Structure formats: C-alpha cells, structure tokens
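*Asks:* Just input_10.csv, nothing more (CSV, C-alpha atoms):
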chain,number,residue,atom,x,y,z
A,17,MET,CA,-17.6,39.6,84.6
A,18,SER,CA,-14.5,37.5,85.2
A,19,GLU,CA,-11.4,38.9,86.9
A,20,PRO,CA,-8.2,39.2,84.7
A,21,ASP,CA,-6.0,36.1,84.9
A,22,ASN,CA,-2.8,37.2,86.7
A,23,THR,CA,-1.6,33.7,87.3
A,24,ALA,CA,1.2,33.9,84.9
A,25,ALA,CA,2.4,37.2,86.3
A,26,SER,CA,2.3,36.0,89.9
A,27,SER,CA,3.5,32.4,89.4
A,28,PRO,CA,6.8,31.5,90.9
A,29,PRO,CA,9.8,30.9,88.6
A,30,ASP,CA,9.9,27.4,87.1
A,31,MET,CA,12.7,25.1,88.3
A,32,GLN,CA,12.7,23.3,84.9
A,33,ALA,CA,13.3,26.7,83.3
A,34,LEU,CA,16.3,27.3,85.6
A,35,LEU,CA,17.7,23.8,85.0
A,36,SER,CA,17.4,24.4,81.2
A,37,VAL,CA,19.5,27.6,81.5
A,38,ILE,CA,22.1,25.7,83.6
A,39,ARG,CA,22.1,22.8,81.1
A,40,THR,CA,22.8,25.2,78.3
A,41,MET,CA,25.6,26.8,80.2
A,42,VAL,CA,27.2,23.4,81.1
A,43,GLY,CA,27.0,22.4,77.4
A,44,GLU,CA,28.9,25.6,76.4
A,45,VAL,CA,31.6,25.3,79.1
A,46,HIS,CA,32.0,21.5,78.8
A,47,PRO,CA,30.6,20.4,75.4
A,48,HIS,CA,31.1,16.7,76.1
A,49,TRP,CA,28.5,17.2,79.0
A,50,LYS,CA,25.9,18.9,76.9
A,51,ASN,CA,23.4,16.0,77.5
A,52,LEU,CA,24.1,15.8,81.2
A,53,HIS,CA,21.2,14.9,83.5
A,54,PHE,CA,21.3,16.5,86.9
A,55,SER,CA,19.0,17.4,89.8
A,56,PRO,CA,18.2,20.5,91.7
A,57,ASP,CA,20.7,19.3,94.4
A,58,THR,CA,23.6,18.8,91.9
A,59,HIS,CA,26.6,20.8,92.9
A,60,LEU,CA,27.4,23.5,90.3
A,61,GLU,CA,31.2,23.4,91.0
A,62,ARG,CA,32.1,19.9,91.9
A,63,GLU,CA,29.7,18.0,89.6
A,64,LEU,CA,28.9,20.4,86.8
A,65,GLY,CA,32.3,22.2,86.5
A,66,LEU,CA,30.9,25.8,86.7
A,67,ASP,CA,33.6,27.9,88.3
A,68,SER,CA,32.9,31.4,89.6
A,69,MET,CA,33.5,33.0,86.3
A,70,ALA,CA,30.9,30.7,84.7
A,71,ARG,CA,28.4,31.4,87.5
A,72,MET,CA,28.8,35.1,86.9
A,73,GLU,CA,27.8,34.5,83.3
A,74,LEU,CA,25.0,32.1,84.5
A,75,ARG,CA,23.6,34.9,86.7
A,76,THR,CA,23.3,37.1,83.6
A,77,ARG,CA,21.5,34.4,81.7
A,78,ILE,CA,19.1,33.7,84.5
A,79,GLU,CA,18.2,37.4,84.8
A,80,SER,CA,17.4,37.6,81.1
A,81,THR,CA,15.5,34.3,80.9
A,82,LEU,CA,13.5,34.6,84.2
A,83,ASP,CA,13.1,38.4,84.1
A,84,VAL,CA,14.7,39.0,87.6
A,85,THR,CA,17.5,41.0,89.0
A,86,LEU,CA,19.8,39.0,91.3
A,87,ASP,CA,22.2,40.0,94.0
A,88,GLU,CA,25.6,39.3,92.4
A,89,ALA,CA,27.3,37.8,95.5
A,90,SER,CA,24.4,35.6,96.5
A,91,ALA,CA,23.9,34.3,92.9
A,92,ILE,CA,27.6,33.4,92.5
A,93,CYS,CA,27.7,31.8,95.9
A,94,ALA,CA,24.7,29.6,95.3
A,95,ASN,CA,26.2,26.2,94.7
A,96,THR,CA,23.2,24.2,93.6
A,97,PRO,CA,20.1,24.9,91.5
A,98,ASN,CA,18.0,24.7,94.7
A,99,ARG,CA,20.1,27.5,96.3
A,100,LEU,CA,19.9,29.5,93.1
A,101,MET,CA,16.1,29.2,93.1
A,102,GLN,CA,16.1,30.5,96.7
A,103,VAL,CA,18.0,33.6,95.5
A,104,ILE,CA,15.6,34.0,92.6
A,105,LEU,CA,12.5,33.7,94.8
A,106,ARG,CA,14.0,36.2,97.3
A,107,ALA,CA,14.6,38.7,94.4
A,108,LYS,CA,11.1,38.1,93.0
A,109,ASN,CA,9.6,38.7,96.4
A,110,SER,CA,11.7,41.8,96.9
A,111,THR,CA,12.4,41.0,100.5
A,112,ALA,CA,14.8,43.8,101.2
A,113,GLY,CA,17.5,43.1,103.7
A,114,SER,CA,17.1,39.3,103.5
A,115,THR,CA,19.7,38.8,100.8
A,116,THR,CA,22.3,36.3,102.0
A,117,VAL,CA,25.8,36.1,100.7
A,118,CYS,CA,28.3,33.3,101.1
A,119,ASP,CA,29.1,32.0,104.5
A,120,SER,CA,30.7,28.9,105.9
A,121,ALA,CA,27.4,27.1,105.8
A,122,THR,CA,26.7,27.6,102.2
A,123,ASP,CA,30.0,28.1,100.5
A,124,ASP,CA,31.9,25.2,102.0
A,125,ASP,CA,35.4,25.2,100.6
A,126,ASP,CA,34.9,24.7,96.9
A,127,SER,CA,34.1,28.1,95.4
A,128,ASP,CA,37.1,28.9,93.4
A,129,LEU,CA,37.7,31.9,91.1
A,130,LEU,CA,40.8,31.7,89.0
A,131,MET,CA,42.5,28.7,90.6
A,132,GLY,CA,41.5,25.7,92.7
A,133,ALA,CA,40.4,22.2,92.4
A,134,PHE,CA,38.0,21.3,89.6
A,135,GLY,CA,36.1,18.3,91.0
A,136,GLN,CA,37.7,16.0,93.5
A,137,ALA,CA,41.4,15.5,92.9
A,138,VAL,CA,42.2,11.8,93.1
A,139,HIS,CA,45.5,10.6,94.3
A,140,PRO,CA,45.8,6.9,93.5
A,141,ALA,CA,48.0,5.0,95.9
A,142,GLU,CA,51.4,4.7,94.4
A,143,THR,CA,53.0,1.3,94.2
A,144,ALA,CA,56.0,0.9,96.6
A,145,GLU,CA,59.1,2.0,94.9
A,146,GLN,CA,62.5,0.3,95.3
A,147,ARG,CA,64.8,3.3,95.7
A,148,SER,CA,68.5,2.8,95.5
A,149,LEU,CA,71.2,4.4,97.5
A,150,ALA,CA,71.9,6.6,94.5
A,151,ASP,CA,68.3,7.7,94.4
A,152,TRP,CA,68.5,8.8,98.0
A,153,ILE,CA,71.8,10.6,97.6
A,154,TYR,CA,70.4,12.5,94.6
A,155,ALA,CA,67.1,13.4,96.5
A,156,CYS,CA,69.1,14.7,99.5
A,157,TYR,CA,71.4,16.7,97.3
A,158,CYS,CA,68.4,18.3,95.5
A,159,TRP,CA,66.8,19.3,98.8
A,160,LEU,CA,70.1,20.7,100.0
A,161,VAL,CA,70.4,22.7,96.8
A,162,PHE,CA,66.9,23.9,97.1
A,163,ALA,CA,67.3,25.0,100.7
A,164,VAL,CA,70.6,26.9,100.2
A,165,LEU,CA,69.6,28.4,96.8
A,166,GLY,CA,66.1,29.2,98.1
A,167,LEU,CA,67.4,31.1,101.1
A,168,ALA,CA,69.9,33.0,99.1
A,169,THR,CA,67.3,33.9,96.4
A,170,TRP,CA,64.7,34.9,99.1
A,171,LEU,CA,67.3,37.3,100.7
A,172,VAL,CA,68.4,39.0,97.4
A,173,VAL,CA,64.8,39.3,96.0
A,174,VAL,CA,63.3,40.7,99.2
A,175,LEU,CA,66.2,43.2,99.7
A,176,ALA,CA,66.6,44.3,96.0
A,177,PRO,CA,65.3,47.9,95.6
A,178,PHE,CA,64.1,47.7,92.0
A,179,ALA,CA,61.4,45.5,90.4
A,180,SER,CA,63.7,44.9,87.4
A,181,TRP,CA,66.4,43.6,89.6
A,182,ARG,CA,64.1,41.4,91.6
A,183,ARG,CA,62.8,39.8,88.4
A,184,LYS,CA,66.2,39.2,87.0
A,185,LEU,CA,67.4,37.7,90.3
A,186,ALA,CA,64.4,35.4,90.5
A,187,HIS,CA,64.9,34.3,86.9
A,188,THR,CA,68.6,33.6,87.6
A,189,GLY,CA,67.9,31.7,90.8
A,190,ALA,CA,65.3,29.5,89.1
A,191,LYS,CA,67.7,28.7,86.3
A,192,LEU,CA,70.4,27.8,88.8
A,193,LEU,CA,68.0,25.4,90.5
A,194,PHE,CA,67.8,23.2,87.4
A,195,ILE,CA,71.4,23.6,86.5
A,196,LEU,CA,72.7,22.5,89.9
A,197,THR,CA,70.2,19.6,90.1
A,198,PHE,CA,71.4,18.4,86.7
A,199,THR,CA,67.9,18.8,85.2
A,200,PRO,CA,68.0,19.9,81.6
A,201,LEU,CA,65.5,22.7,80.9
A,202,ARG,CA,64.9,23.2,77.2
A,203,VAL,CA,62.8,26.2,76.0
A,204,THR,CA,61.5,26.6,72.5
A,205,GLY,CA,59.3,29.4,71.1
A,206,SER,CA,60.4,32.1,73.4
A,207,GLU,CA,60.4,34.5,70.4
A,208,HIS,CA,56.6,34.5,70.7
A,209,LEU,CA,56.8,36.5,73.9
A,210,ASP,CA,57.3,40.2,73.0
A,211,PRO,CA,58.7,41.8,76.2
A,212,GLU,CA,57.2,45.2,75.1
A,213,GLN,CA,53.6,43.7,74.9
A,214,ALA,CA,51.3,42.5,77.6
A,215,HIS,CA,50.4,38.8,77.5
A,216,ILE,CA,48.0,36.5,79.4
A,217,VAL,CA,50.3,33.4,79.7
A,218,VAL,CA,48.4,30.1,80.4
A,219,ALA,CA,50.4,27.0,81.3
A,220,ASN,CA,49.5,23.4,82.3
A,221,HIS,CA,50.0,22.6,85.9
A,222,ALA,CA,51.6,19.2,86.7
A,223,SER,CA,54.0,19.8,89.7
A,224,TYR,CA,55.1,22.0,92.5
A,225,LEU,CA,58.0,22.9,90.1
A,226,ASP,CA,55.8,24.7,87.6
A,227,GLY,CA,56.3,28.2,89.1
A,228,PHE,CA,60.0,27.7,89.1
A,229,ILE,CA,59.9,26.4,85.6
A,230,VAL,CA,58.0,29.3,84.2
A,231,THR,CA,60.2,31.8,86.1
A,232,ALA,CA,63.4,30.2,84.7
A,233,ALA,CA,62.0,29.7,81.1
A,234,LEU,CA,60.4,33.2,80.5
A,235,ASP,CA,63.0,36.0,80.7
A,236,ILE,CA,60.4,38.7,80.7
A,237,SER,CA,58.5,40.6,83.5
A,238,ILE,CA,55.7,38.3,84.7
A,239,HIS,CA,53.2,38.4,87.5
A,240,PHE,CA,51.7,35.1,88.8
A,241,ILE,CA,48.2,34.5,90.1
A,242,VAL,CA,48.7,32.5,93.4
A,243,LYS,CA,46.4,31.1,96.0
A,244,GLY,CA,45.6,33.4,98.9
A,245,GLU,CA,46.6,30.9,101.5
A,246,LEU,CA,50.2,31.6,100.8
A,247,ALA,CA,49.7,35.2,102.0
A,248,ARG,CA,49.3,33.8,105.5
A,249,ILE,CA,52.9,32.4,105.5
A,250,LEU,CA,55.1,35.4,106.2
A,251,PRO,CA,58.3,34.3,104.4
A,252,ALA,CA,56.3,33.3,101.3
A,253,ARG,CA,54.2,36.5,101.4
A,254,LEU,CA,57.3,38.8,101.6
A,255,LEU,CA,58.9,37.0,98.6
A,256,LEU,CA,55.8,36.8,96.5
A,257,GLN,CA,54.8,40.4,97.1
A,258,ARG,CA,58.3,41.6,96.1
A,259,PHE,CA,57.9,39.5,92.9
A,260,GLY,CA,54.6,41.2,92.1
A,261,VAL,CA,52.2,38.3,92.4
A,262,GLU,CA,48.4,38.6,92.8
A,263,PHE,CA,46.8,36.7,95.7
A,264,VAL,CA,43.4,35.2,94.9
A,265,ASP,CA,41.2,33.9,97.7
A,266,ARG,CA,40.1,30.6,96.2
A,267,PHE,CA,37.4,29.9,98.8
A,268,ASN,CA,35.5,33.3,98.8
A,269,SER,CA,33.1,33.7,95.9
A,270,ASN,CA,32.2,37.1,97.4
A,271,LYS,CA,35.5,38.4,96.0
A,272,ALA,CA,35.1,37.0,92.5
A,273,ALA,CA,34.2,40.2,90.8
A,274,SER,CA,36.8,42.3,92.7
A,275,ASP,CA,39.6,39.8,92.1
A,276,VAL,CA,38.9,39.8,88.4
A,277,ASN,CA,38.7,43.6,88.2
A,278,ARG,CA,42.0,43.9,90.1
A,279,ILE,CA,43.8,41.5,87.8
A,280,THR,CA,42.1,43.1,84.7
A,281,ARG,CA,43.5,46.5,85.7
A,282,LYS,CA,47.0,45.0,86.0
A,283,SER,CA,46.7,43.5,82.5
A,284,GLU,CA,45.4,46.8,81.1
A,285,ALA,CA,48.5,48.5,82.6
A,286,GLY,CA,50.6,46.4,80.2
A,287,GLN,CA,51.7,43.7,82.7
A,288,THR,CA,52.0,40.0,81.7
A,289,ILE,CA,50.0,37.8,83.9
A,290,VAL,CA,50.6,34.0,84.3
A,291,PHE,CA,47.7,31.7,85.0
A,292,PHE,CA,47.6,27.9,85.6
A,293,PRO,CA,44.0,27.5,84.3
A,294,GLU,CA,43.8,23.9,85.6
A,295,GLY,CA,44.2,25.4,89.0
A,296,THR,CA,45.5,22.2,90.7
A,297,PHE,CA,47.4,19.1,89.8
A,298,THR,CA,47.3,15.4,90.8
A,299,SER,CA,49.7,12.5,90.8
A,300,PHE,CA,48.2,11.0,87.7
A,301,PRO,CA,49.0,12.4,84.3
A,302,GLY,CA,46.4,14.3,82.2
A,303,LEU,CA,45.3,17.8,81.2
A,304,GLN,CA,42.4,18.7,83.4
A,305,PRO,CA,39.5,21.1,82.6
A,306,PHE,CA,40.5,24.8,82.3
A,307,ARG,CA,38.9,27.4,84.5
A,308,MET,CA,37.7,30.6,82.8
A,309,GLY,CA,39.5,33.4,84.7
A,310,ALA,CA,42.4,33.8,82.3
A,311,PHE,CA,40.3,33.9,79.2
A,312,VAL,CA,37.7,36.3,80.6
A,313,THR,CA,40.5,38.6,81.6
A,314,ALA,CA,42.0,38.4,78.1
A,315,VAL,CA,38.7,39.2,76.4
A,316,ARG,CA,38.0,42.1,78.7
A,317,THR,CA,41.5,43.6,78.1
A,318,ARG,CA,41.9,42.6,74.5
A,319,VAL,CA,45.3,41.1,75.5
A,320,PRO,CA,46.5,38.0,73.6
A,321,VAL,CA,46.7,34.6,75.3
A,322,THR,CA,50.0,32.9,75.0
A,323,PRO,CA,49.9,29.1,75.6
A,324,VAL,CA,52.9,27.5,77.3
A,325,ALA,CA,53.2,23.7,77.5
A,326,ILE,CA,55.3,22.2,80.3
A,327,ARG,CA,56.5,18.6,79.7
A,328,GLY,CA,58.3,16.4,82.2
A,329,ALA,CA,57.7,18.2,85.5
A,330,ARG,CA,55.2,15.6,86.9
A,331,ASN,CA,57.8,12.8,86.5
A,332,ILE,CA,60.3,14.7,88.7
A,333,ILE,CA,58.0,15.6,91.6
A,334,ARG,CA,54.6,13.9,91.4
A,335,GLY,CA,51.5,15.0,93.3
A,336,ASP,CA,52.0,14.8,97.1
A,337,ASN,CA,55.2,12.8,96.7
A,338,TRP,CA,58.1,15.1,97.6
A,339,PHE,CA,60.8,12.6,96.6
A,340,PRO,CA,62.6,14.2,93.6
A,341,ARG,CA,63.5,12.0,90.6
A,342,ARG,CA,65.9,12.5,87.8
A,343,GLY,CA,64.4,13.9,84.6
A,344,SER,CA,64.3,16.6,82.0
A,345,ILE,CA,61.9,19.4,81.3
A,346,ASP,CA,60.7,20.9,78.0
A,347,VAL,CA,58.9,24.2,77.8
A,348,THR,CA,57.1,25.1,74.5
A,349,VAL,CA,55.8,28.7,74.0
A,350,ARG,CA,53.2,28.8,71.3
A,351,PRO,CA,52.1,31.9,69.3
A,352,PRO,CA,49.8,34.3,71.0
A,353,ILE,CA,46.0,34.0,70.3
A,354,THR,CA,44.3,37.3,70.1
A,355,PRO,CA,40.6,37.6,71.2
A,356,SER,CA,38.3,37.9,68.2
A,357,GLY,CA,35.8,40.1,69.9
A,358,ALA,CA,33.9,40.4,73.2
A,359,GLY,CA,31.6,38.2,75.2
A,360,TRP,CA,31.4,34.9,76.9
A,361,GLN,CA,31.6,32.8,73.7
A,362,VAL,CA,34.8,34.5,72.6
A,363,ALA,CA,36.3,33.6,76.0
A,364,LEU,CA,35.2,29.9,75.5
A,365,ASP,CA,36.7,29.9,72.0
A,366,LEU,CA,39.9,31.4,73.4
A,367,ARG,CA,40.0,28.7,76.1
A,368,ASP,CA,39.5,25.9,73.6
A,369,ALA,CA,42.2,27.3,71.2
A,370,ALA,CA,44.8,27.6,74.0
A,371,ARG,CA,43.9,24.1,75.2
A,372,VAL,CA,44.5,22.6,71.8
A,373,GLU,CA,48.0,24.2,71.7
A,374,ILE,CA,49.0,23.0,75.2
A,375,ALA,CA,47.6,19.5,74.7
A,376,GLY,CA,49.7,19.1,71.6
A,377,TYR,CA,53.0,19.7,73.5
A,378,CYS,CA,52.6,18.8,77.2
A,379,GLY,CA,53.0,15.1,76.5
A,380,GLU,CA,49.9,14.0,78.6
A,381,PRO,CA,46.4,12.9,77.7
A,382,ASP,CA,43.6,15.4,77.5
A,383,LEU,CA,41.1,14.5,80.2
A,384,VAL,CA,38.3,16.8,79.0
A,385,GLY,CA,36.5,14.0,77.1
A,386,SER,CA,36.6,11.6,80.1
A,387,GLY,CA,33.9,13.2,82.3
A,388,ASN,CA,30.9,11.3,83.4
A,389,ASN,CA,27.6,11.8,81.7
A,390,GLU,CA,25.5,11.6,84.8
A,391,ALA,CA,25.4,13.5,88.1
Could I get this structure in the form of structure tokens?
*Replies:*
Amino acid sequence: MSEPDNTAASSPPDMQALLSVIRTMVGEVHPHWKNLHFSPDTHLERELGLDSMARMELRTRIESTLDVTLDEASAICANTPNRLMQVILRAKNSTAGSTTVCDSATDDDDSDLLMGAFGQAVHPAETAEQRSLADWIYACYCWLVFAVLGLATWLVVVLAPFASWRRKLAHTGAKLLFILTFTPLRVTGSEHLDPEQAHIVVANHASYLDGFIVTAALDISIHFIVKGELARILPARLLLQRFGVEFVDRFNSNKAASDVNRITRKSEAGQTIVFFPEGTFTSFPGLQPFRMGAFVTAVRTRVPVTPVAIRGARNIIRGDNWFPRRGSIDVTVRPPITPSGAGWQVALDLRDAARVEIAGYCGEPDLVGSGNNEA
C-alpha cells in the first residue's frame, strides 16, 4: 500500500506565489505599474514604491495567501521578495528565537513610515544664475528677517505657558515672515476647516517654506508630523515639542505600528494632524507619489481628509538652493473628503481623491504617471 502524499503539505512556499501577491499590491498602490516586471531582489521601497504602511498590508495578504503567520517587525523590515521569503520560511519552520528584526545590515536607510524619500530624489544641476546686486540685497534681507523673527518666535513660543497662546504666536510669527519679506500669501477655502472638528490635512511638499506656509495659512490648532532627526537638534526639539508636533523615525520600520497607533490616538482625541504625504521634495517641479500614512490614519479614525494645495513655494526656495527669490504663494484649501468605510481599498481611494484635488491647484505636473515599467 502506498504512503499518503504529503508533498503539498510539506513543500516550501512558492516564490512565484509571493511575487504574485506583491504584484497585486503594487498594482493597487501604483495603478500605472500594474504590469511591472521585477525580480526576487527588487527593492520593495525604492523600486516598487511600497512604504511601510503598504508593507503592513502586504504582510496580511501574504499570511492569507500562503497560510502562514509572520512576525510583524520582520515582515515590514524585509525590503526585497527574497528577504520576505526568508521570513516566511522561518515562520513555516517555526524556528523559535530565530526571528530577526531590522538592523543596520538589512534596513539600510530607506524604510520610511509616514515621511521620507520615495525613490531616489534627483537634483539636476542648476544652470548658473546671473544674480544682480538687488537679488543679493533681497536675499540678505530675507535671511536677516528670518534670523531675528525666528529667534523672537522661538523665545515666545517656548516660554508661553498655554498651548493656545503658543499656536497663536506661531501663526502670527509665520505670517510676519511673509509680510516682512514682501511675499504675498493668498489663502482661499479656509472656510472648509472647521476649528471644532478634527481633520487630517494633507499638503503637497515643494520647499523648506511649507511648514511656515501651513502655519501662517491655517488659523486653527494643528499638529505636524516631522522627521525624527529634528529631535536630535535641541533648539528645534524644544520649539517643535511646544508646538505639539509628532516625531516619526523615518529609518526604523520596527516603529511603524507604534508610530501609527500614537498618531491615530491623537487624531481620535480630536486634534488636527498635518501630513506632507510626498514626504520629501526636490528642486524640479512635480507632484510625487503619496505615501499611505495619512490616509490609513484617516480611515482608522473616520476623520475627514482635507487637501491643501501650495503653489509658488518651490520658486522662492528650491531644493537644496538656499538663495531666496522673490515670489508669491497661493494656498487653496479644498473641501474635506470623508472615508467611505474601512479597509485598505478605502485608504487608496481616499489618497487618490486627495491627490486629484491637490494636483488641480498646486500648479505643478503630476508625476505619478511617469514611473518606469521595469525594475
């Protein structure tokens, strides 16, 4: 009598099955890449655009498809299909105590959560500019205004005893920055922001000025999501903590779930959170792909997403060039978009709807359709 065939039960997971799950995920997050061809060594973050939020969802899909329970931190940190397969095999073999989480050897510097570079930011060499004496006088004047006003604002915000005072002082200081540098700041649609209701504000990111622009334009209580590296700079940390920001460690995928949960609790408490979902900016114009953190948070908390389009900031301070130019800024607040339900697809739909609104008013091309089709 022949022995029962246990080959199927004992066979290792199929790499092609894993690649199929990843391909489906990429097609949902970036529909223009739905026919993307990639290999087991393709980087999930840099080449496929799957940020930590997408990899959390990917882990759930893999567990369902391949009938395996994965360690969350290890699955999120795995940055190629090959590394994911190692995590899967480890789980299948139930090698207790051998689970490996992110370290400097596997996580590099590209696992971002809610902010950070999607792909490799390219800074094309700028052509040499002929700057006049008037340009230099204006630039020096702007930096003098920034230094004096920045120091004064830092002192009053850090020393102010009440959060409402600190918010108002920061708002006033940011407005003064644009007034004193002769930079028109026009805001339309501010009636869409109900100060009595929590919002998830998402804005395009084009310049170092964007934080000041949002602070000056939105006269409501807001809390920014900022990169954790700033917490290591004492003056910046003191100011930002008093202003109620949330620091996010962009390079530690181990903290993905805890960061999201912390920000979710803040949103559930009725606080308005500001995200720059592109996560980075470059010297060349264009709306980059949106990361998913803001939209997953909105779906979890049932808080509406309010798109804010910033136009003109990149022309004033561009990329890594700190030479300020004359210009004007337009801020357009669009109507809030309420999540239609729960789940990953709802977050994707929310992201796409917010992107359409911002793309229509930011005055820059939408770069989402310009990705490569091979990796």
*Asks:* Rounded to one decimal place, report the CA of Ala94 (chain A)-CA of Arg75 (chain A) distance in Å.
*Replies:* 10.2 Å
*Asks:* At what distance in Å, to one decimal, does CA of Ala358 (chain A) lie from CA of His215 (chain A)?
*Replies:*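 So the answer is 17.1 Å.
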*Asks:* Between CA of Ile241 (chain A) and CA of Thr188 (chain A), what is the distance, to one decimal in Å?
*Replies:* 20.6 Å
*Asks:* May I ask which of the residues A:Ala222, A:Met308, A:Leu196, A:Ala179 is the closest one to Ile236 (chain A), counting all atoms listed in the file?
*Replies:* A:Ala179
*Asks:* With only C-alpha atoms as the atoms that count, which of A:Cys156, A:Leu34, A:Val42, A:Ala168 lies nearest to Ser80 (chain A)?
*Replies:*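 Closest candidate: A:Leu34.
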*Asks:* Given the choices A:Arg327, A:Arg71, A:Pro340, A:Ile195, which gets closest to Arg147 (chain A) if the distance is worked out from only C-alpha atoms?
*Replies:* A:Pro340
*Asks:* Any idea what's packed within 10 Å of Gln361 (chain A), counting all atoms listed in the file, ignoring anything in its chain fewer than 3 positions away? Could you give it as a ChimeraX atom specification?
*Replies:* /A:44-45,312,315,357-358,364-367
*Asks:* Check the smallest atom-to-atom distance from each of A:Val218, A:Gln146, A:Gly227, A:Gly309 to Ile374 (chain A) using only C-alpha atoms, then report the winner.
*Replies:*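 Of the candidates, the smallest distance to Ile374 (chain A) is held by A:Val218.
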*Asks:* Identify, on the basis of only C-alpha atoms, every residue whose closest approach to region 157-165 of chain A does not exceed 9 Å; exclude the query and any residue fewer than 3 positions from it along the same chain; express the result as a ChimeraX atom specification.
*Replies:* /A:152-154,168-170,189-190,192-193,196-197,340
*Asks:* Please dump the current selection as a PDB file, in the coordinates of the input; keep C-alpha atoms.
*Replies:*
ATOM      1  CA  TRP A 152      68.500   8.800  98.000  1.00  0.00           C
ATOM      2  CA  ILE A 153      71.800  10.600  97.600  1.00  0.00           C
ATOM      3  CA  TYR A 154      70.400  12.500  94.600  1.00  0.00           C
ATOM      4  CA  ALA A 168      69.900  33.000  99.100  1.00  0.00           C
ATOM      5  CA  THR A 169      67.300  33.900  96.400  1.00  0.00           C
ATOM      6  CA  TRP A 170      64.700  34.900  99.100  1.00  0.00           C
ATOM      7  CA  GLY A 189      67.900  31.700  90.800  1.00  0.00           C
ATOM      8  CA  ALA A 190      65.300  29.500  89.100  1.00  0.00           C
ATOM      9  CA  LEU A 192      70.400  27.800  88.800  1.00  0.00           C
ATOM     10  CA  LEU A 193      68.000  25.400  90.500  1.00  0.00           C
ATOM     11  CA  LEU A 196      72.700  22.500  89.900  1.00  0.00           C
ATOM     12  CA  THR A 197      70.200  19.600  90.100  1.00  0.00           C
ATOM     13  CA  PRO A 340      62.600  14.200  93.600  1.00  0.00           C
TER      14      PRO A 340
END
*Asks:* Out of A:Ser110, A:Ser237, A:Thr313, A:Asn98, which residue has the shortest atom-to-atom distance to Thr280 (chain A) when counting all atoms listed in the file?
*Replies:*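 Answer, going by the shortest atom-to-atom distance: A:Thr313.
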*Asks:* Quick one: of A:Ile78, A:Leu234, A:Ala369, A:Ala363, who's nearest to His208 (chain A), counting all atoms listed in the file?
*Replies:* A:Leu234
